[in-house]
>>> print(open('model-v2.csv').read())   # CSV, C-alpha atoms and all ligand atoms
chain,number,residue,atom,x,y,z
R,1,MET,CA,8.7,-45.7,-26.4
R,2,ALA,CA,5.0,-46.7,-26.1
R,3,ARG,CA,4.3,-50.3,-25.3
R,4,VAL,CA,2.3,-52.4,-27.8
R,5,GLU,CA,-0.6,-52.7,-25.4
R,6,ASP,CA,-0.6,-48.9,-25.0
R,7,LEU,CA,-0.7,-48.4,-28.8
R,8,PHE,CA,-3.6,-50.7,-29.1
R,9,ARG,CA,-5.5,-48.9,-26.3
R,10,GLN,CA,-4.8,-45.6,-27.9
R,11,ALA,CA,-6.0,-46.9,-31.3
R,12,ASP,CA,-9.2,-48.1,-29.6
R,13,ILE,CA,-9.7,-44.7,-28.1
R,14,ALA,CA,-9.2,-43.0,-31.5
R,15,ILE,CA,-11.7,-45.5,-33.1
R,16,TYR,CA,-14.2,-44.8,-30.4
R,17,HIS,CA,-14.0,-41.0,-31.1
R,18,ALA,CA,-14.1,-41.6,-34.8
R,19,LYS,CA,-17.3,-43.6,-34.4
R,20,GLU,CA,-18.8,-40.9,-32.1
R,21,SER,CA,-18.3,-38.4,-35.0
R,22,GLY,CA,-20.4,-40.5,-37.4
R,23,ARG,CA,-19.6,-42.8,-40.3
R,24,ASN,CA,-16.5,-42.5,-42.5
R,25,SER,CA,-14.5,-40.2,-40.1
R,26,LEU,CA,-10.9,-40.4,-39.2
R,27,ARG,CA,-9.3,-39.6,-35.8
R,28,PHE,CA,-5.8,-39.6,-34.6
R,29,PHE,CA,-5.1,-40.4,-31.0
R,30,ASP,CA,-4.7,-37.3,-28.8
R,31,PRO,CA,-3.9,-37.5,-25.0
R,32,GLN,CA,-6.9,-35.3,-24.3
R,33,MET,CA,-9.1,-38.1,-25.6
R,34,GLN,CA,-7.7,-40.4,-23.0
R,35,GLU,CA,-8.3,-37.7,-20.3
R,36,LYS,CA,-11.9,-37.3,-21.4
R,37,ILE,CA,-12.4,-41.1,-21.2
R,38,HIS,CA,-10.9,-41.2,-17.7
R,39,HIS,CA,-13.1,-38.3,-16.6
R,40,LEU,CA,-16.2,-40.0,-17.9
R,41,ALA,CA,-15.2,-43.3,-16.3
R,42,SER,CA,-14.7,-41.6,-13.0
R,43,LEU,CA,-18.0,-39.8,-13.2
R,44,LYS,CA,-19.7,-43.1,-14.0
R,45,LYS,CA,-18.2,-44.6,-10.9
R,46,ASP,CA,-19.2,-41.6,-8.7
R,47,LEU,CA,-22.7,-41.7,-10.1
R,48,ARG,CA,-23.3,-45.1,-8.6
R,49,LYS,CA,-22.9,-43.6,-5.1
R,50,ALA,CA,-24.6,-40.3,-5.8
R,51,LEU,CA,-28.2,-41.5,-5.2
R,52,GLU,CA,-27.5,-43.2,-1.9
R,53,GLN,CA,-25.4,-40.3,-0.7
R,54,GLN,CA,-28.2,-37.9,-1.6
R,55,GLN,CA,-26.1,-35.8,-4.0
R,56,PHE,CA,-29.0,-35.1,-6.4
R,57,GLN,CA,-31.2,-32.0,-6.1
R,58,LEU,CA,-34.2,-30.9,-8.0
R,59,TYR,CA,-34.2,-27.3,-9.2
R,60,PHE,CA,-37.5,-25.7,-10.2
R,61,GLN,CA,-37.9,-23.2,-13.1
R,62,ILE,CA,-41.1,-21.1,-13.2
R,63,GLN,CA,-43.6,-21.3,-16.1
R,64,VAL,CA,-46.0,-18.4,-16.6
R,65,ASP,CA,-49.0,-17.4,-18.6
R,66,ALA,CA,-49.7,-14.4,-20.8
R,67,LEU,CA,-50.1,-12.1,-17.8
R,68,GLN,CA,-46.9,-13.5,-16.2
R,69,TYR,CA,-48.8,-15.3,-13.5
R,70,PRO,CA,-47.1,-18.4,-12.4
R,71,ILE,CA,-48.8,-21.5,-13.7
R,72,GLY,CA,-46.3,-24.2,-13.0
R,73,ALA,CA,-42.7,-25.3,-12.8
R,74,GLU,CA,-40.3,-27.7,-14.6
R,75,ALA,CA,-38.2,-29.9,-12.3
R,76,LEU,CA,-34.6,-30.0,-13.5
R,77,ILE,CA,-32.1,-32.3,-11.8
R,78,ARG,CA,-28.6,-31.2,-10.6
R,79,TRP,CA,-25.8,-33.3,-9.2
R,80,GLN,CA,-23.9,-31.8,-6.3
R,81,HIS,CA,-20.6,-33.6,-6.8
R,82,PRO,CA,-18.3,-33.6,-3.7
R,83,GLU,CA,-15.3,-32.5,-5.7
R,84,HIS,CA,-16.5,-31.0,-9.0
R,85,GLY,CA,-19.4,-28.9,-7.5
R,86,LEU,CA,-22.7,-28.6,-9.3
R,87,VAL,CA,-22.8,-30.8,-12.4
R,88,PRO,CA,-25.4,-29.9,-15.0
R,89,PRO,CA,-27.7,-32.7,-16.3
R,90,ASP,CA,-26.3,-32.6,-19.8
R,91,GLN,CA,-23.0,-33.9,-18.4
R,92,PHE,CA,-24.3,-36.8,-16.5
R,93,ILE,CA,-27.8,-37.8,-17.8
R,94,PRO,CA,-26.4,-39.4,-20.9
R,95,LEU,CA,-24.0,-41.5,-18.7
R,96,THR,CA,-26.9,-42.6,-16.5
R,97,GLU,CA,-28.8,-43.6,-19.6
R,98,GLN,CA,-25.8,-45.8,-20.8
R,99,THR,CA,-25.5,-47.5,-17.4
R,100,GLY,CA,-29.2,-47.9,-16.6
R,101,LEU,CA,-28.8,-45.7,-13.5
R,102,ILE,CA,-31.4,-43.4,-15.1
R,103,LEU,CA,-34.1,-45.8,-13.8
R,104,PRO,CA,-33.5,-45.4,-10.1
R,105,ILE,CA,-32.7,-41.7,-10.7
R,106,GLY,CA,-35.9,-41.2,-12.7
R,107,GLN,CA,-37.9,-42.9,-9.9
R,108,TRP,CA,-36.3,-40.5,-7.4
R,109,VAL,CA,-37.3,-37.5,-9.5
R,110,LEU,CA,-40.8,-38.8,-9.7
R,111,GLU,CA,-41.1,-39.4,-6.0
R,112,THR,CA,-39.5,-36.0,-5.1
R,113,ALA,CA,-41.9,-34.3,-7.5
R,114,CYS,CA,-44.9,-36.1,-6.0
R,115,ALA,CA,-43.8,-35.2,-2.5
R,116,GLN,CA,-43.5,-31.6,-3.5
R,117,LEU,CA,-46.9,-31.5,-5.1
R,118,LYS,CA,-48.4,-33.0,-1.9
R,119,ALA,CA,-46.6,-30.5,0.3
R,120,ARG,CA,-48.0,-27.6,-1.7
R,121,GLU,CA,-51.6,-28.7,-1.5
R,122,GLN,CA,-52.3,-26.7,1.6
R,123,ASP,CA,-50.6,-23.5,0.4
R,124,GLU,CA,-52.7,-21.2,-1.6
R,125,SER,CA,-49.8,-19.6,-3.4
R,126,THR,CA,-48.6,-23.0,-4.8
R,127,CYS,CA,-51.6,-25.4,-4.8
R,128,ASN,CA,-52.6,-24.6,-8.4
R,129,LEU,CA,-49.2,-24.9,-9.9
R,130,THR,CA,-48.4,-27.9,-12.1
R,131,LEU,CA,-45.1,-29.7,-12.0
R,132,SER,CA,-43.4,-31.0,-15.1
R,133,ILE,CA,-40.8,-33.7,-15.0
R,134,ASN,CA,-38.5,-35.0,-17.7
R,135,VAL,CA,-38.8,-38.7,-18.6
R,136,SER,CA,-35.9,-40.4,-20.4
R,137,ALA,CA,-36.4,-42.9,-23.2
R,138,LYS,CA,-35.2,-45.8,-21.2
R,139,GLN,CA,-37.6,-45.0,-18.3
R,140,PHE,CA,-40.5,-44.7,-20.7
R,141,ARG,CA,-39.8,-48.0,-22.4
R,142,GLN,CA,-39.8,-50.0,-19.1
R,143,THR,CA,-42.6,-52.5,-19.1
R,144,ASN,CA,-43.7,-51.3,-15.6
R,145,PHE,CA,-43.6,-47.6,-16.4
R,146,VAL,CA,-47.4,-47.2,-16.0
R,147,THR,CA,-47.4,-49.1,-12.7
R,148,GLN,CA,-44.5,-47.0,-11.3
R,149,GLU,CA,-46.3,-43.7,-12.1
R,150,GLN,CA,-49.6,-45.0,-10.8
R,151,ASN,CA,-48.0,-46.2,-7.6
R,152,ALA,CA,-46.3,-42.9,-6.9
R,153,VAL,CA,-49.5,-40.9,-7.5
R,154,GLN,CA,-51.4,-43.1,-5.2
R,155,ARG,CA,-48.7,-43.4,-2.5
R,156,TYR,CA,-48.4,-39.6,-2.2
R,157,GLY,CA,-52.1,-39.1,-2.7
R,158,ILE,CA,-51.6,-36.2,-5.2
R,159,ASN,CA,-53.9,-34.8,-7.8
R,160,PRO,CA,-52.5,-36.4,-11.0
R,161,ALA,CA,-53.7,-33.5,-13.1
R,162,LYS,CA,-50.9,-31.5,-11.5
R,163,LEU,CA,-48.2,-33.8,-12.8
R,164,LYS,CA,-46.9,-33.3,-16.4
R,165,LEU,CA,-44.5,-35.8,-18.0
R,166,GLU,CA,-42.2,-34.3,-20.6
R,167,LEU,CA,-41.3,-36.7,-23.5
R,168,THR,CA,-39.2,-36.0,-26.6
R,169,GLU,CA,-40.0,-36.7,-30.2
R,170,SER,CA,-37.3,-39.4,-30.6
R,171,MET,CA,-39.0,-41.5,-27.9
R,172,LEU,CA,-42.1,-41.7,-30.0
R,173,ALA,CA,-40.5,-43.0,-33.1
R,174,ASN,CA,-41.0,-46.7,-32.7
R,175,ASN,CA,-43.8,-49.0,-31.5
R,176,ILE,CA,-46.4,-46.3,-31.7
R,177,GLU,CA,-49.3,-48.6,-30.8
R,178,LYS,CA,-47.7,-49.5,-27.5
R,179,ILE,CA,-46.8,-45.9,-26.8
R,180,ILE,CA,-50.4,-44.9,-27.3
R,181,ILE,CA,-51.6,-47.5,-24.8
R,182,THR,CA,-49.0,-46.4,-22.2
R,183,MET,CA,-49.9,-42.7,-22.6
R,184,SER,CA,-53.6,-43.3,-22.7
R,185,THR,CA,-53.6,-45.3,-19.6
R,186,LEU,CA,-51.8,-42.6,-17.7
R,187,ASN,CA,-53.8,-39.9,-19.3
R,188,ALA,CA,-57.0,-41.6,-18.2
R,189,MET,CA,-55.7,-41.3,-14.6
R,190,GLY,CA,-55.3,-37.5,-15.2
R,191,ILE,CA,-51.6,-37.3,-15.8
R,192,ARG,CA,-50.7,-34.9,-18.7
R,193,PHE,CA,-48.1,-35.2,-21.4
R,194,SER,CA,-45.9,-32.5,-22.9
R,195,LEU,CA,-43.8,-32.9,-26.0
R,196,ASP,CA,-40.4,-31.3,-25.2
R,197,ASP,CA,-37.9,-29.7,-27.6
R,198,PHE,CA,-40.6,-29.7,-30.3
R,199,GLY,CA,-39.4,-29.1,-33.8
R,200,THR,CA,-35.9,-30.7,-33.4
R,201,GLY,CA,-37.0,-34.3,-34.1
R,202,TYR,CA,-39.0,-35.9,-36.8
R,203,SER,CA,-42.6,-36.1,-35.6
R,204,SER,CA,-45.0,-37.4,-38.0
R,205,LEU,CA,-48.2,-35.3,-38.0
R,206,GLN,CA,-50.1,-38.5,-38.3
R,207,TYR,CA,-48.6,-39.8,-35.1
R,208,LEU,CA,-49.0,-36.5,-33.3
R,209,LYS,CA,-52.7,-36.6,-33.9
R,210,ARG,CA,-53.0,-40.0,-32.3
R,211,LEU,CA,-51.1,-39.3,-29.2
R,212,PRO,CA,-52.9,-38.1,-26.1
R,213,LEU,CA,-50.7,-35.0,-25.7
R,214,TYR,CA,-51.6,-31.9,-23.7
R,215,GLN,CA,-48.8,-29.6,-24.7
R,216,LEU,CA,-46.1,-28.9,-27.2
R,217,LYS,CA,-43.0,-27.1,-26.0
R,218,ILE,CA,-41.3,-25.1,-28.8
R,219,ASP,CA,-37.6,-25.8,-28.7
R,220,GLN,CA,-35.3,-23.0,-27.4
R,221,SER,CA,-33.4,-22.9,-30.7
R,222,PHE,CA,-36.4,-21.5,-32.5
R,223,ILE,CA,-36.9,-18.9,-29.8
R,224,ARG,CA,-33.3,-17.9,-29.9
R,225,GLU,CA,-33.6,-17.3,-33.6
R,226,LEU,CA,-36.5,-14.9,-32.9
R,227,ALA,CA,-34.1,-12.5,-31.4
R,228,VAL,CA,-31.6,-12.7,-34.3
R,229,ASP,CA,-34.2,-12.2,-37.1
R,230,SER,CA,-37.5,-11.2,-35.7
R,231,ASN,CA,-38.9,-10.7,-39.2
R,232,ASP,CA,-38.8,-14.4,-39.9
R,233,PRO,CA,-40.6,-16.3,-37.1
R,234,ALA,CA,-42.0,-18.7,-39.7
R,235,LEU,CA,-41.1,-21.9,-37.9
R,236,VAL,CA,-42.5,-20.6,-34.6
R,237,LEU,CA,-45.6,-19.5,-36.3
R,238,THR,CA,-46.1,-22.9,-37.9
R,239,ILE,CA,-45.7,-24.7,-34.6
R,240,ILE,CA,-48.2,-22.4,-32.8
R,241,ALA,CA,-50.7,-22.8,-35.6
R,242,MET,CA,-50.2,-26.6,-35.7
R,243,ALA,CA,-50.6,-26.9,-31.9
R,244,GLU,CA,-53.8,-24.9,-32.2
R,245,ASN,CA,-55.1,-27.2,-35.0
R,246,LEU,CA,-54.3,-30.2,-32.9
R,247,GLY,CA,-56.0,-28.7,-29.9
R,248,LEU,CA,-52.8,-28.6,-27.9
R,249,GLU,CA,-51.5,-26.0,-25.5
R,250,VAL,CA,-48.2,-24.5,-26.7
R,251,MET,CA,-45.4,-23.3,-24.5
R,252,ALA,CA,-42.3,-21.4,-25.6
R,253,GLU,CA,-39.1,-22.3,-23.7
R,254,GLY,CA,-35.9,-20.5,-23.4
R,255,VAL,CA,-37.6,-17.0,-23.6
R,256,GLU,CA,-34.9,-14.6,-22.6
R,257,THR,CA,-36.0,-11.2,-23.8
R,258,GLN,CA,-39.1,-9.1,-23.7
R,259,ALA,CA,-38.9,-8.7,-27.5
R,260,GLN,CA,-39.2,-12.5,-27.8
R,261,GLN,CA,-42.1,-12.7,-25.5
R,262,ALA,CA,-43.9,-9.8,-27.2
R,263,LEU,CA,-43.5,-11.5,-30.6
R,264,LEU,CA,-44.7,-14.8,-29.2
R,265,LEU,CA,-47.7,-13.2,-27.6
R,266,LYS,CA,-48.6,-11.5,-30.9
R,267,LYS,CA,-48.5,-14.8,-32.6
R,268,GLY,CA,-50.8,-16.5,-30.1
R,269,CYS,CA,-48.5,-18.2,-27.7
R,270,ARG,CA,-49.8,-18.0,-24.1
R,271,HIS,CA,-47.4,-20.1,-22.0
R,272,PHE,CA,-43.7,-19.3,-21.3
R,273,GLN,CA,-40.6,-20.5,-19.6
R,274,GLY,CA,-37.2,-19.0,-19.7
R,275,TYR,CA,-34.6,-16.8,-18.0
R,276,LEU,CA,-36.8,-13.7,-18.5
R,277,PHE,CA,-39.2,-15.1,-15.8
R,278,GLY,CA,-36.7,-17.0,-13.8
R,279,LYS,CA,-33.7,-19.4,-13.9
R,280,PRO,CA,-34.0,-22.8,-12.4
R,281,VAL,CA,-33.4,-22.5,-8.7
R,282,PRO,CA,-33.3,-24.8,-5.6
R,283,ILE,CA,-36.9,-25.6,-4.4
R,284,LYS,CA,-36.5,-23.5,-1.2
R,285,LEU,CA,-35.5,-20.4,-3.2
R,286,PHE,CA,-38.3,-21.1,-5.7
R,287,GLU,CA,-40.9,-21.1,-2.9
R,288,GLU,CA,-39.5,-18.0,-1.3
R,289,ALA,CA,-39.7,-16.1,-4.6
R,290,LEU,CA,-43.2,-17.4,-5.1
R,291,GLN,CA,-44.3,-16.1,-1.7
R,292,GLN,CA,-42.8,-12.7,-2.5
R,293,LYS,CA,-44.6,-12.6,-5.8
R,294,TYR,CA,-47.9,-13.3,-4.0
R,295,LEU,CA,-47.1,-10.8,-1.3
R,296,PHE,CA,-46.3,-7.9,-3.6
R,297,GLY,CA,-48.6,-8.8,-6.4
R,298,VAL,CA,-47.5,-9.9,-9.9
R,299,ASP,CA,-48.0,-6.6,-11.7
R,300,ALA,CA,-46.9,-4.3,-9.0
R,301,ASN,CA,-43.9,-2.3,-10.2
R,302,ASN,CA,-43.4,-5.0,-12.9
R,303,ASN,CA,-42.0,-7.1,-10.0
R,304,ARG,CA,-40.2,-10.2,-11.2
R,305,PRO,CA,-38.7,-11.9,-8.2
R,306,PHE,CA,-37.7,-15.0,-10.2
R,307,ARG,CA,-34.9,-13.5,-12.1
Y,1,LIG,P1,-34.8,-29.6,-21.2
Y,1,LIG,O1,-35.8,-30.5,-20.6
Y,1,LIG,O2,-35.0,-29.0,-22.6
Y,1,LIG,O3,-34.7,-28.4,-20.1
Y,1,LIG,C1,-34.5,-27.0,-20.4
Y,1,LIG,C2,-33.1,-26.6,-20.3
Y,1,LIG,O4,-33.0,-25.2,-20.7
Y,1,LIG,C3,-32.6,-26.6,-18.8
Y,1,LIG,O5,-31.3,-26.9,-18.8
Y,1,LIG,C4,-32.8,-25.1,-18.4
Y,1,LIG,O6,-32.0,-24.7,-17.4
Y,1,LIG,C5,-32.5,-24.4,-19.7
Y,1,LIG,N1,-33.1,-23.1,-19.9
Y,1,LIG,C6,-34.3,-22.7,-19.4
Y,1,LIG,N2,-34.6,-21.5,-19.7
Y,1,LIG,C7,-33.6,-21.0,-20.5
Y,1,LIG,C8,-33.3,-19.8,-21.1
Y,1,LIG,O7,-34.0,-18.8,-21.1
Y,1,LIG,N3,-32.1,-19.7,-21.8
Y,1,LIG,C9,-31.2,-20.7,-21.8
Y,1,LIG,N4,-30.0,-20.6,-22.5
Y,1,LIG,N5,-31.4,-21.9,-21.2
Y,1,LIG,C10,-32.6,-22.1,-20.6
Y,1,LIG,P2,-30.7,-27.9,-17.8
Y,1,LIG,O8,-31.3,-27.7,-16.5
Y,1,LIG,O9,-29.2,-27.8,-17.9
Y,1,LIG,O10,-31.2,-29.3,-18.4
Y,1,LIG,C11,-30.7,-29.8,-19.6
Y,1,LIG,C12,-31.4,-31.1,-20.0
Y,1,LIG,O11,-31.2,-32.1,-19.1
Y,1,LIG,C13,-32.9,-30.9,-20.0
Y,1,LIG,O12,-33.3,-30.2,-21.1
Y,1,LIG,C14,-33.4,-32.4,-20.0
Y,1,LIG,O13,-33.3,-32.9,-21.2
Y,1,LIG,C15,-32.3,-33.0,-19.1
Y,1,LIG,N6,-32.8,-33.2,-17.7
Y,1,LIG,C16,-32.9,-32.3,-16.7
Y,1,LIG,N7,-33.4,-32.8,-15.6
Y,1,LIG,C17,-33.7,-34.1,-15.9
Y,1,LIG,C18,-34.4,-35.2,-15.2
Y,1,LIG,O14,-34.8,-35.0,-14.1
Y,1,LIG,N8,-34.5,-36.3,-15.9
Y,1,LIG,C19,-34.1,-36.5,-17.2
Y,1,LIG,N9,-34.3,-37.7,-17.8
Y,1,LIG,N10,-33.5,-35.5,-17.9
Y,1,LIG,C20,-33.3,-34.3,-17.3
Y,2,CA,CA,-37.9,-30.5,-20.4
Y,3,CA,CA,-36.7,-28.5,-23.8
>>> encode(input="model-v2.csv", output="C-alpha cells", more="lines below")
Ligand code: C2E
Ligand code: CA
Ligand code: CA
Amino acid sequence: MARVEDLFRQADIAIYHAKESGRNSLRFFDPQMQEKIHHLASLKKDLRKALEQQQFQLYFQIQVDALQYPIGAEALIRWQHPEHGLVPPDQFIPLTEQTGLILPIGQWVLETACAQLKAREQDESTCNLTLSINVSAKQFRQTNFVTQEQNAVQRYGINPAKLKLELTESMLANNIEKIIITMSTLNAMGIRFSLDDFGTGYSSLQYLKRLPLYQLKIDQSFIRELAVDSNDPALVLTIIAMAENLGLEVMAEGVETQAQQALLLKKGCRHFQGYLFGKPVPIKLFEEALQQKYLFGVDANNNRPFR
C-alpha cells in the first residue's frame, strides 16, 4: 500500500500536469508522469555540467536566395549527451530557460558564432555569408544584453553586419519602449534583427513598424500548409505583402519541396531555408559542402550538396 507521503507526492505530480494543460483541467496520477519528471530532473542536473564539459555543438543550416546561392546560415544548438546521444534543442532549451542556464549557453552560442564569422573572413567562399543566432527571451531581457553583444563583436573583431539576431514575437510583447532602445542601439552598430516564427504570435502592426527589424521569417507551419492546399496561400501572401510594405526582407523557413519554393518565388519571396537546400549539419560538414558548391558551381547539374 502506498505511503501517505507517496500519495501526496503523486497528487502533486498530477496537479503539476493538470496546470501544464491549462486552466480547469483534471489529471489522475500515472506512473509515466513520475518517469517524465525524473527524466527532466536528471536532464537538468546533466545540463549544469554540459557547458564545462563542452557537450554543446552548433549546427549550421544553409539559407539561400532566389537562385539558390548561399547567403547565410542559421546556427542551431545541439547537445551531445554522454548517454542519450544527440539531444535536440526543443528538449533542453526550455529547461535551460527555467534554470537560467540559458544565459551562459546563449553567451557560448554568441561567442562561437563570432569566432566562426572571424574564421571565415579570409575565405572567399564564406566571407559574405551572414550568421543568424537564436536569442531567448531571458537573454534579451538582461540589463547588460547590449554590452554583451557589443563586447563579443569587438573582442572577435567581426563585421557586425554579418551577425543576425533572431527574436520571436512573444519577446516583443511587453515594455516596447525599452525593446526599441535595445534593438536600436545594436542596430546602430550594424547588427541586424530577424523576427522568427512570424505569424504564430500576436504582433501588433503598430509595434512592428516601430521596431528596427531587418527580416521576417515566415513560420514553417504556413509553408507546410502550402503543400497541402497550394490553392490557398493566403496567409503566406499576406505576410510577404506586409513585409514588403514595411520594407523588410522576408525569408521562408521549413521549405521542403520544389513546389513550395516555386509558389513562394511566384509570390515574391526571395530568401529560403529548409531541408530542400540542406538540413542543419555540424560546422565542418557545412564548410565542406560549401566548398564543393563553389568548386562545382551552384547551377551545374542542379547540384545541391547540402541535402
Ligand atoms: P527555430 O529557430 O524555429 O529553428 C528552426 C527549426 O526548424 C530547427 O529545429 C531546424 O532544424 C528545423 N527545420 C529547418 N528546416 C526544416 C524543414 O525543412 N523541415 C522541418 N520539418 N524542420 C526544419 P531545431 O534545430 O530542432 O531547433 C528547434 C528550436 O530550438 C529552434 O527553432 C529554436 O527556437 C531553438 N534553438 C535552437 N538553437 C538555439 C540556440 O542556440 N538558442 C536558443 N535560445 N534557441 C535555440
Ligand atoms: Ca530561428
Ligand atoms: Ca523558426
>>> closest_atom_pairs(input="model-v2.csv", of="chain R", to="ligand CA 2 (chain Y)", cutoff="7 Å", atoms="all atoms listed in the file", output="tab-separated table")
residue	atom	partner	partner_atom	distance
R:Glu74	CA	Y:CA2	CA	6.9
R:Ile133	CA	Y:CA2	CA	6.9
R:Asn134	CA	Y:CA2	CA	5.3
R:Glu166	CA	Y:CA2	CA	5.7
R:Asp196	CA	Y:CA2	CA	5.5
>>> write_last_selection(input="model-v2.csv", atoms="C-alpha atoms", output="short mmCIF file (atom, residue, chain, number, x, y, z; two decimals), in the frame of the given file")
data_model
loop_
_atom_site.label_atom_id
_atom_site.label_comp_id
_atom_site.auth_asym_id
_atom_site.auth_seq_id
_atom_site.Cartn_x
_atom_site.Cartn_y
_atom_site.Cartn_z
CA GLU R 74 -40.30 -27.70 -14.60
CA ILE R 133 -40.80 -33.70 -15.00
CA ASN R 134 -38.50 -35.00 -17.70
CA GLU R 166 -42.20 -34.30 -20.60
CA ASP R 196 -40.40 -31.30 -25.20
#
>>> residues_around(input="model-v2.csv", residues="R:Ile15", least_positions_apart="2", cutoff="9 Å", atoms="only C-alpha atoms", output="MDAnalysis selection string")
chainID R and resid 10:13 17:20 26:29
>>> atom_distance(input="model-v2.csv", atom1="atom N9 of ligand LIG 1 (chain Y)", atom2="atom CA of R:Trp79")
12.9 Å
>>> residues_around(input="model-v2.csv", residues="stretch 220-224 of chain R", least_positions_apart="4", cutoff="9 Å", atoms="all atoms listed in the file", output="NGL selection string")
:R and (197 or 199-200 or 228 or 233 or 235-236 or 252-256 or 260 or 264 or 274)
>>> write_last_selection(input="model-v2.csv", atoms="C-alpha atoms", output="PDB file, in the coordinates of the input")
ATOM      1  CA  ASP R 197     -37.900 -29.700 -27.600  1.00  0.00           C
ATOM      2  CA  GLY R 199     -39.400 -29.100 -33.800  1.00  0.00           C
ATOM      3  CA  THR R 200     -35.900 -30.700 -33.400  1.00  0.00           C
ATOM      4  CA  VAL R 228     -31.600 -12.700 -34.300  1.00  0.00           C
ATOM      5  CA  PRO R 233     -40.600 -16.300 -37.100  1.00  0.00           C
ATOM      6  CA  LEU R 235     -41.100 -21.900 -37.900  1.00  0.00           C
ATOM      7  CA  VAL R 236     -42.500 -20.600 -34.600  1.00  0.00           C
ATOM      8  CA  ALA R 252     -42.300 -21.400 -25.600  1.00  0.00           C
ATOM      9  CA  GLU R 253     -39.100 -22.300 -23.700  1.00  0.00           C
ATOM     10  CA  GLY R 254     -35.900 -20.500 -23.400  1.00  0.00           C
ATOM     11  CA  VAL R 255     -37.600 -17.000 -23.600  1.00  0.00           C
ATOM     12  CA  GLU R 256     -34.900 -14.600 -22.600  1.00  0.00           C
ATOM     13  CA  GLN R 260     -39.200 -12.500 -27.800  1.00  0.00           C
ATOM     14  CA  LEU R 264     -44.700 -14.800 -29.200  1.00  0.00           C
ATOM     15  CA  GLY R 274     -37.200 -19.000 -19.700  1.00  0.00           C
TER      16      GLY R 274
END
>>> residues_near_ligand(input="model-v2.csv", ligand="ligand LIG 1 (chain Y)", cutoff="9 Å", atoms="all atoms listed in the file", output="VMD selection string")
chain R and resid 58 to 59 61 74 to 78 87 to 94 96 to 97 102 105 to 106 108 to 110 133 to 139 166 to 168 196 to 197 217 219 to 220 224 253 to 257 273 to 280
>>> closest_residue(input="model-v2.csv", among="R:Leu195, R:Cys269, R:Ala262, R:Ala241", to="ligand CA 3 (chain Y)", atoms="all atoms listed in the file")
R:Leu195
>>> residues_around(input="model-v2.csv", residues="R:Thr143", least_positions_apart="4", cutoff="12 Å", atoms="all atoms listed in the file", output="PyMOL selection string")
chain R and resi 138-139+147-149+178-179+181-182
>>> atom_distance(input="model-v2.csv", atom1="atom CA of R:Gly100", atom2="atom CA of R:Gly157")
28.2 Å
>>> closest_residue(input="model-v2.csv", among="R:Thr130, R:Asn159, R:Thr185, R:Gln53", to="R:Val146", atoms="all atoms listed in the file")
R:Thr185
>>> atom_distance(input="model-v2.csv", atom1="atom CA of R:Lys45", atom2="atom CA of R:Pro282")
25.5 Å
>>> residues_around(input="model-v2.csv", residues="R:Leu117", least_positions_apart="4", cutoff="12 Å", atoms="all atoms listed in the file", output="PyMOL selection string")
chain R and resi 72-73+75+110-113+121-123+126-133+152-153+156-164+283
>>> closest_residue(input="model-v2.csv", among="R:Leu40, R:Leu211, R:Ala188, R:Asn144", to="R:Ala173", atoms="only C-alpha atoms")
R:Leu211
>>> residues_near_point(input="model-v2.csv", point="(-46.2, -18.9, -37.7)", cutoff="12 Å", atoms="all atoms listed in the file", output="count of residues only")
25
>>> closest_residue(input="model-v2.csv", among="R:Phe56, R:Phe145, R:Tyr207, R:Tyr69", to="R:Gly85", atoms="only C-alpha atoms")
R:Phe56
>>> closest_residue(input="model-v2.csv", among="R:Glu35, R:Glu52, R:Phe286, R:Ser194", to="ligand CA 3 (chain Y)", atoms="all atoms listed in the file")
R:Ser194
>>> closest_residue(input="model-v2.csv", among="R:Val4, R:Ile62, R:Ile37, R:Leu43", to="R:Leu290", atoms="all atoms listed in the file")
R:Ile62
